[in-house]
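Text of the file work28.tsv, holding TSV, C-alpha atoms:
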chain	number	residue	atom	x	y	z
I	261	MET	CA	-4.95	58.94	71.31
I	262	PRO	CA	-2.57	61.47	69.82
I	263	GLY	CA	0.08	60.83	72.48
I	264	HIS	CA	2.45	63.15	74.24
I	265	VAL	CA	5.38	65.18	72.96
I	266	GLY	CA	7.33	65.27	76.23
I	267	THR	CA	7.06	68.92	77.21
I	268	ILE	CA	8.15	68.18	80.78
I	269	TYR	CA	11.14	66.14	79.59
I	270	ALA	CA	12.26	69.00	77.37
I	271	ALA	CA	11.84	71.45	80.26
I	272	THR	CA	14.16	69.32	82.40
I	273	ASN	CA	16.83	69.20	79.65
I	274	ALA	CA	16.36	65.55	78.79
I	275	VAL	CA	17.91	64.53	75.47
I	276	TYR	CA	15.41	63.49	72.81
I	277	ALA	CA	16.37	60.01	71.62
I	278	SER	CA	13.84	59.51	68.77
I	279	ARG	CA	11.00	57.02	68.94
I	280	ALA	CA	10.56	53.53	70.28
I	281	THR	CA	9.63	50.76	67.86
I	282	ALA	CA	6.47	51.35	65.84
I	283	ARG	CA	3.84	48.64	66.15
I	284	THR	CA	0.22	47.79	65.64
I	285	VAL	CA	-1.90	47.82	68.80
I	286	LYS	CA	-5.43	46.58	69.53
I	287	LEU	CA	-7.73	49.46	70.46
I	288	LEU	CA	-10.82	48.61	72.50
I	289	PRO	CA	-14.10	50.52	72.07
I	290	ASP	CA	-13.55	52.40	75.35
I	291	GLY	CA	-10.33	53.89	73.96
I	292	THR	CA	-7.91	51.72	75.92
I	293	VAL	CA	-5.15	49.65	74.36
I	294	PHE	CA	-5.34	45.88	74.75
I	295	HIS	CA	-1.66	45.01	75.15
I	296	ASP	CA	0.04	41.97	73.65
I	297	ARG	CA	1.14	40.88	77.13
I	298	THR	CA	-2.47	40.90	78.34
I	299	ALA	CA	-3.49	38.74	75.40
I	300	GLN	CA	-0.65	36.33	76.19
I	301	LYS	CA	-1.88	35.99	79.78
I	302	ILE	CA	-5.28	34.90	78.48
I	303	ARG	CA	-3.85	32.49	75.89
I	304	ARG	CA	-1.59	30.79	78.45
I	305	GLN	CA	-3.99	31.20	81.39
I	306	GLU	CA	-1.25	32.93	83.39
I	307	GLN	CA	-1.72	34.92	86.58
I	308	GLY	CA	-3.93	37.92	85.86
I	309	HIS	CA	-5.92	36.32	83.02
I	310	GLN	CA	-9.18	36.54	84.98
I	311	TYR	CA	-8.88	40.33	85.23
I	312	ALA	CA	-8.15	40.63	81.51
I	313	GLU	CA	-11.06	38.36	80.63
I	314	ALA	CA	-13.35	40.40	82.89
I	315	GLN	CA	-12.37	43.58	81.02
I	316	LEU	CA	-13.46	42.04	77.71
I	317	ILE	CA	-16.65	40.59	79.21
I	318	ALA	CA	-17.56	44.03	80.58
I	319	LEU	CA	-17.27	45.38	77.02
I	320	GLY	CA	-19.66	42.73	75.68
I	321	ALA	CA	-17.57	39.62	75.03
I	322	PRO	CA	-19.21	36.27	75.79
I	323	VAL	CA	-18.20	34.48	78.99
I	324	PRO	CA	-15.69	31.70	78.19
I	325	ARG	CA	-17.19	28.23	78.25
I	326	ALA	CA	-15.62	25.55	80.44
I	327	GLY	CA	-12.94	23.65	78.53
I	328	CYS	CA	-12.78	26.05	75.58
I	329	ASN	CA	-9.44	26.95	74.03
I	330	PRO	CA	-8.40	30.33	75.52
I	331	ALA	CA	-6.75	31.46	72.26
I	332	VAL	CA	-9.93	30.80	70.30
I	333	TRP	CA	-12.05	32.56	72.95
I	334	LEU	CA	-9.73	35.59	72.88
I	335	ARG	CA	-9.95	35.88	69.09
I	336	GLU	CA	-13.77	35.67	69.23
I	337	ALA	CA	-13.97	38.07	72.20
I	338	LEU	CA	-11.94	40.75	70.44
I	339	VAL	CA	-14.22	40.52	67.41
I	340	ALA	CA	-17.33	40.61	69.64
I	341	VAL	CA	-16.27	43.80	71.44
I	342	GLY	CA	-15.23	45.53	68.21
I	343	ALA	CA	-11.50	45.83	68.90
I	344	ARG	CA	-9.60	47.29	65.99
I	345	ASN	CA	-5.97	47.35	64.93
I	346	VAL	CA	-4.33	50.78	64.99
I	347	ARG	CA	-0.81	51.61	63.85
I	348	HIS	CA	1.17	53.34	66.63
I	349	ARG	CA	4.24	55.26	65.48
I	350	GLY	CA	6.17	54.52	68.69
I	351	ALA	CA	6.48	56.48	71.91
I	352	HIS	CA	8.95	59.35	72.13
I	353	ARG	CA	12.08	58.42	74.11
I	354	TYR	CA	14.09	60.77	76.29
I	355	VAL	CA	17.29	60.17	78.28
I	356	TRP	CA	19.17	62.09	80.96
I	357	ARG	CA	22.89	62.17	81.42
I	358	LEU	CA	23.63	61.37	85.07
I	359	GLY	CA	26.62	62.81	86.87
I	360	ARG	CA	27.54	64.79	89.97
I	361	SER	CA	28.36	67.98	88.09
I	362	ARG	CA	27.50	69.65	84.81
I	363	ARG	CA	30.98	68.89	83.51
I	364	GLU	CA	30.55	65.15	84.25
I	365	ARG	CA	27.16	65.11	82.55
I	366	GLU	CA	28.46	66.87	79.44
I	367	GLN	CA	31.30	64.35	79.09
I	368	ILE	CA	28.93	61.38	78.92
I	369	LYS	CA	28.64	60.05	75.36
I	370	LEU	CA	25.23	58.84	74.30
I	371	GLY	CA	24.82	55.87	71.98
I	372	PHE	CA	23.15	57.74	69.11
I	373	PRO	CA	24.13	60.48	66.67
I	374	ALA	CA	23.63	64.22	67.06
I	375	GLN	CA	20.88	65.48	69.31
I	376	ARG	CA	17.52	65.63	67.58
I	377	PRO	CA	15.08	68.52	67.99
I	378	TYR	CA	12.28	68.07	70.51
I	379	PRO	CA	8.91	67.13	68.97
I	380	LYS	CA	6.47	70.05	69.11
I	381	GLN	CA	3.16	68.69	67.82
I	382	PRO	CA	1.18	65.58	68.83
I	383	ASP	CA	0.88	62.86	66.23
I	384	PRO	CA	-2.10	62.99	63.86
I	385	GLU	CA	-5.00	60.69	64.57
I	386	PRO	CA	-4.00	57.01	64.32
I	387	ILE	CA	-4.77	55.06	61.19
I	388	ALA	CA	-6.87	51.90	61.50
I	389	VAL	CA	-5.18	48.93	59.85

Give the structure from the file, written as C-alpha coordinates.
Amino acid sequence: MPGHVGTIYAATNAVYASRATARTVKLLPDGTVFHDRTAQKIRRQEQGHQYAEAQLIALGAPVPRAGCNPAVWLREALVAVGARNVRHRGAHRYVWRLGRSRREREQIKLGFPAQRPYPKQPDPEPIAV
(Lines of atoms letter the chains of each structure in order from A and count residues from 1; the text may use other names and numbers.)
(Lines give C-alpha, C1' and ligand atoms only; values in the text may rest on other atoms or scores of the structure.)
Protein backbone atom coordinates (compact mmCIF):
# COMPACT_ATOMS: atom_id res chain seq x y z
CA MET A 1 0.00 0.00 0.00
CA PRO A 2 2.50 2.67 -1.01
CA GLY A 3 -0.24 5.23 -1.70
CA HIS A 4 -0.56 7.87 -4.35
CA VAL A 5 1.45 11.01 -5.00
CA GLY A 6 -1.35 12.97 -6.70
CA THR A 7 -0.11 13.16 -10.28
CA ILE A 8 -3.56 14.16 -11.56
CA TYR A 9 -3.89 16.88 -8.92
CA ALA A 10 -0.53 18.32 -9.91
CA ALA A 11 -1.54 18.21 -13.59
CA THR A 12 -4.65 20.27 -12.79
CA ASN A 13 -2.61 22.89 -10.88
CA ALA A 14 -3.89 21.99 -7.44
CA VAL A 15 -1.80 23.39 -4.60
CA TYR A 16 -0.01 20.77 -2.51
CA ALA A 17 -1.01 21.30 1.12
CA SER A 18 1.23 18.71 2.87
CA ARG A 19 -0.12 15.59 4.53
CA ALA A 20 -3.13 14.74 6.61
CA THR A 21 -2.61 13.48 10.15
CA ALA A 22 -0.40 10.41 10.47
CA ARG A 23 -1.99 7.47 12.26
CA THR A 24 -1.81 3.77 12.88
CA VAL A 25 -4.29 1.68 10.86
CA LYS A 26 -5.35 -1.97 11.11
CA LEU A 27 -4.38 -3.90 8.00
CA LEU A 28 -6.34 -7.06 7.24
CA PRO A 29 -4.72 -10.08 5.57
CA ASP A 30 -6.43 -9.31 2.25
CA GLY A 31 -4.65 -5.93 2.13
CA THR A 32 -7.64 -3.78 3.06
CA VAL A 33 -7.67 -1.30 5.92
CA PHE A 34 -10.08 -1.94 8.79
CA HIS A 35 -11.12 1.61 9.65
CA ASP A 36 -11.68 2.93 13.17
CA ARG A 37 -15.24 3.90 12.23
CA THR A 38 -15.99 0.33 11.17
CA ALA A 39 -14.70 -0.96 14.49
CA GLN A 40 -16.87 1.57 16.32
CA LYS A 41 -19.96 0.33 14.47
CA ILE A 42 -19.27 -3.18 15.74
CA ARG A 43 -18.55 -2.07 19.32
CA ARG A 44 -21.76 -0.01 19.52
CA GLN A 45 -23.82 -2.33 17.29
CA GLU A 46 -24.68 0.60 15.03
CA GLN A 47 -26.20 0.39 11.57
CA GLY A 48 -23.79 -1.45 9.28
CA HIS A 49 -22.21 -3.62 11.97
CA GLN A 50 -23.50 -6.83 10.36
CA TYR A 51 -21.62 -6.07 7.14
CA ALA A 52 -18.42 -5.33 9.04
CA GLU A 53 -18.76 -8.50 11.11
CA ALA A 54 -19.36 -10.52 7.93
CA GLN A 55 -16.11 -9.17 6.46
CA LEU A 56 -14.15 -10.45 9.46
CA ILE A 57 -15.99 -13.78 9.50
CA ALA A 58 -15.16 -14.26 5.80
CA LEU A 59 -11.48 -13.83 6.71
CA GLY A 60 -11.69 -16.53 9.39
CA ALA A 61 -13.00 -14.83 12.53
CA PRO A 62 -15.39 -16.86 14.70
CA VAL A 63 -19.10 -16.06 14.49
CA PRO A 64 -20.14 -13.90 17.48
CA ARG A 65 -22.02 -15.81 20.15
CA ALA A 66 -25.42 -14.57 21.29
CA GLY A 67 -25.07 -12.14 24.19
CA CYS A 68 -21.30 -11.70 23.89
CA ASN A 69 -19.73 -8.29 24.35
CA PRO A 70 -19.15 -6.84 20.84
CA ALA A 71 -15.92 -5.08 21.90
CA VAL A 72 -14.46 -8.33 23.22
CA TRP A 73 -15.55 -10.21 20.07
CA LEU A 74 -13.96 -7.54 17.86
CA ARG A 75 -10.64 -7.75 19.70
CA GLU A 76 -10.63 -11.56 19.41
CA ALA A 77 -11.75 -11.46 15.76
CA LEU A 78 -8.92 -9.12 14.74
CA VAL A 79 -6.40 -11.43 16.39
CA ALA A 80 -8.00 -14.50 14.76
CA VAL A 81 -7.79 -13.06 11.23
CA GLY A 82 -4.22 -11.83 11.72
CA ALA A 83 -4.86 -8.09 11.47
CA ARG A 84 -1.75 -6.03 12.08
CA ASN A 85 -1.08 -2.43 13.00
CA VAL A 86 0.68 -0.38 10.32
CA ARG A 87 1.85 3.20 10.62
CA HIS A 88 0.39 5.39 7.85
CA ARG A 89 2.21 8.67 7.22
CA GLY A 90 -0.98 10.50 6.24
CA ALA A 91 -2.59 11.06 2.86
CA HIS A 92 -1.33 13.85 0.63
CA ARG A 93 -3.69 16.86 0.60
CA TYR A 94 -4.32 19.15 -2.34
CA VAL A 95 -6.51 22.26 -2.64
CA TRP A 96 -7.78 24.37 -5.52
CA ARG A 97 -8.36 28.07 -5.47
CA LEU A 98 -11.88 28.72 -6.77
CA GLY A 99 -12.76 31.88 -8.66
CA ARG A 100 -14.29 33.04 -11.93
CA SER A 101 -11.02 34.23 -13.41
CA ARG A 102 -7.31 33.56 -13.05
CA ARG A 103 -6.88 36.92 -11.34
CA GLU A 104 -9.54 36.05 -8.72
CA ARG A 105 -7.94 32.67 -8.08
CA GLU A 106 -4.46 34.16 -7.66
CA GLN A 107 -5.75 36.68 -5.10
CA ILE A 108 -7.10 33.96 -2.80
CA LYS A 109 -4.88 33.50 0.25
CA LEU A 110 -4.45 29.97 1.49
CA GLY A 111 -4.15 29.19 5.19
CA PHE A 112 -0.63 27.75 5.09
CA PRO A 113 2.86 29.03 4.29
CA ALA A 114 4.64 28.99 0.95
CA GLN A 115 3.65 26.43 -1.63
CA ARG A 116 5.38 23.10 -1.13
CA PRO A 117 6.80 21.03 -3.99
CA TYR A 118 4.64 18.20 -5.30
CA PRO A 119 5.61 14.74 -4.02
CA LYS A 120 7.27 12.67 -6.75
CA GLN A 121 7.79 9.22 -5.24
CA PRO A 122 5.36 6.88 -3.46
CA ASP A 123 6.02 6.25 0.21
CA PRO A 124 8.25 3.29 1.12
CA GLU A 125 6.56 0.13 2.32
CA PRO A 126 4.66 0.69 5.59
CA ILE A 127 6.23 -0.33 8.87
CA ALA A 128 4.35 -2.79 11.08
CA VAL A 129 3.96 -1.48 14.62

(message) Using Å and a single decimal, report how far CA of Arg347 in chain I sits from CA of Thr284 in chain I.
(response) 4.3 Å

(request) Considering all atoms listed in the file, state which residue in the set I:Val265, I:Ala270, I:Cys328, I:Val275 is at the smallest distance from Gln375 in chain I. (result) I:Val275

(message) Tell me which residues come within 12 Å of (18.8, 59.4, 68.9), as an MDAnalysis selection string, counting all atoms listed in the file in the file's coordinates.
(response) chainID I and resid 274:280 352:355 369:378

(message) What does the structure give for the distance between CA of Pro289 in chain I and CA of Gly320 in chain I, in Å to one decimal?
(response)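 Separation of CA of Pro289 in chain I and CA of Gly320 in chain I: 10.2 Å.
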
(request) Enter the distance from CA of Ala337 in chain I to CA of Ala321 in chain I, in Å, rounded to one decimal. (result)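 CA of Ala321 in chain I lies 4.8 Å from CA of Ala337 in chain I.
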
(message) Residues proximal to (-7.1, 37.1, 84.4) were defined as those with any atom within 12 Å of that point in the file's coordinates, counting all atoms listed in the file. Which are they, as a ChimeraX atom specification?
(response) /I:297-317,324,330,334

If you take every atom of range 276-280 of chain I that the file lists and fit an axis-aligned box around them with 6 Å extra on each side, what centre and edge lengths come out in Å to one decimal, as lines of an AutoDock Vina configuration file?
center_x = 13.5
center_y = 58.5
center_z = 70.8
size_x = 17.8
size_y = 22.0
size_z = 16.0

(request) Could you tell me which of I:Val332, I:Asn273, I:Ala318, I:Asp383 comes closest to Arg365 in chain I if we count all atoms listed in the file? (result)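 Using all atoms listed in the file, Arg365 in chain I sits closest to I:Asn273.
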
(message) Quick one: residues within 10 Å of Lys380 in chain I, all atoms listed in the file, excluding same-chain residues fewer than 6 positions away - as an MDAnalysis selection string?
(response) chainID I and resid 264:267
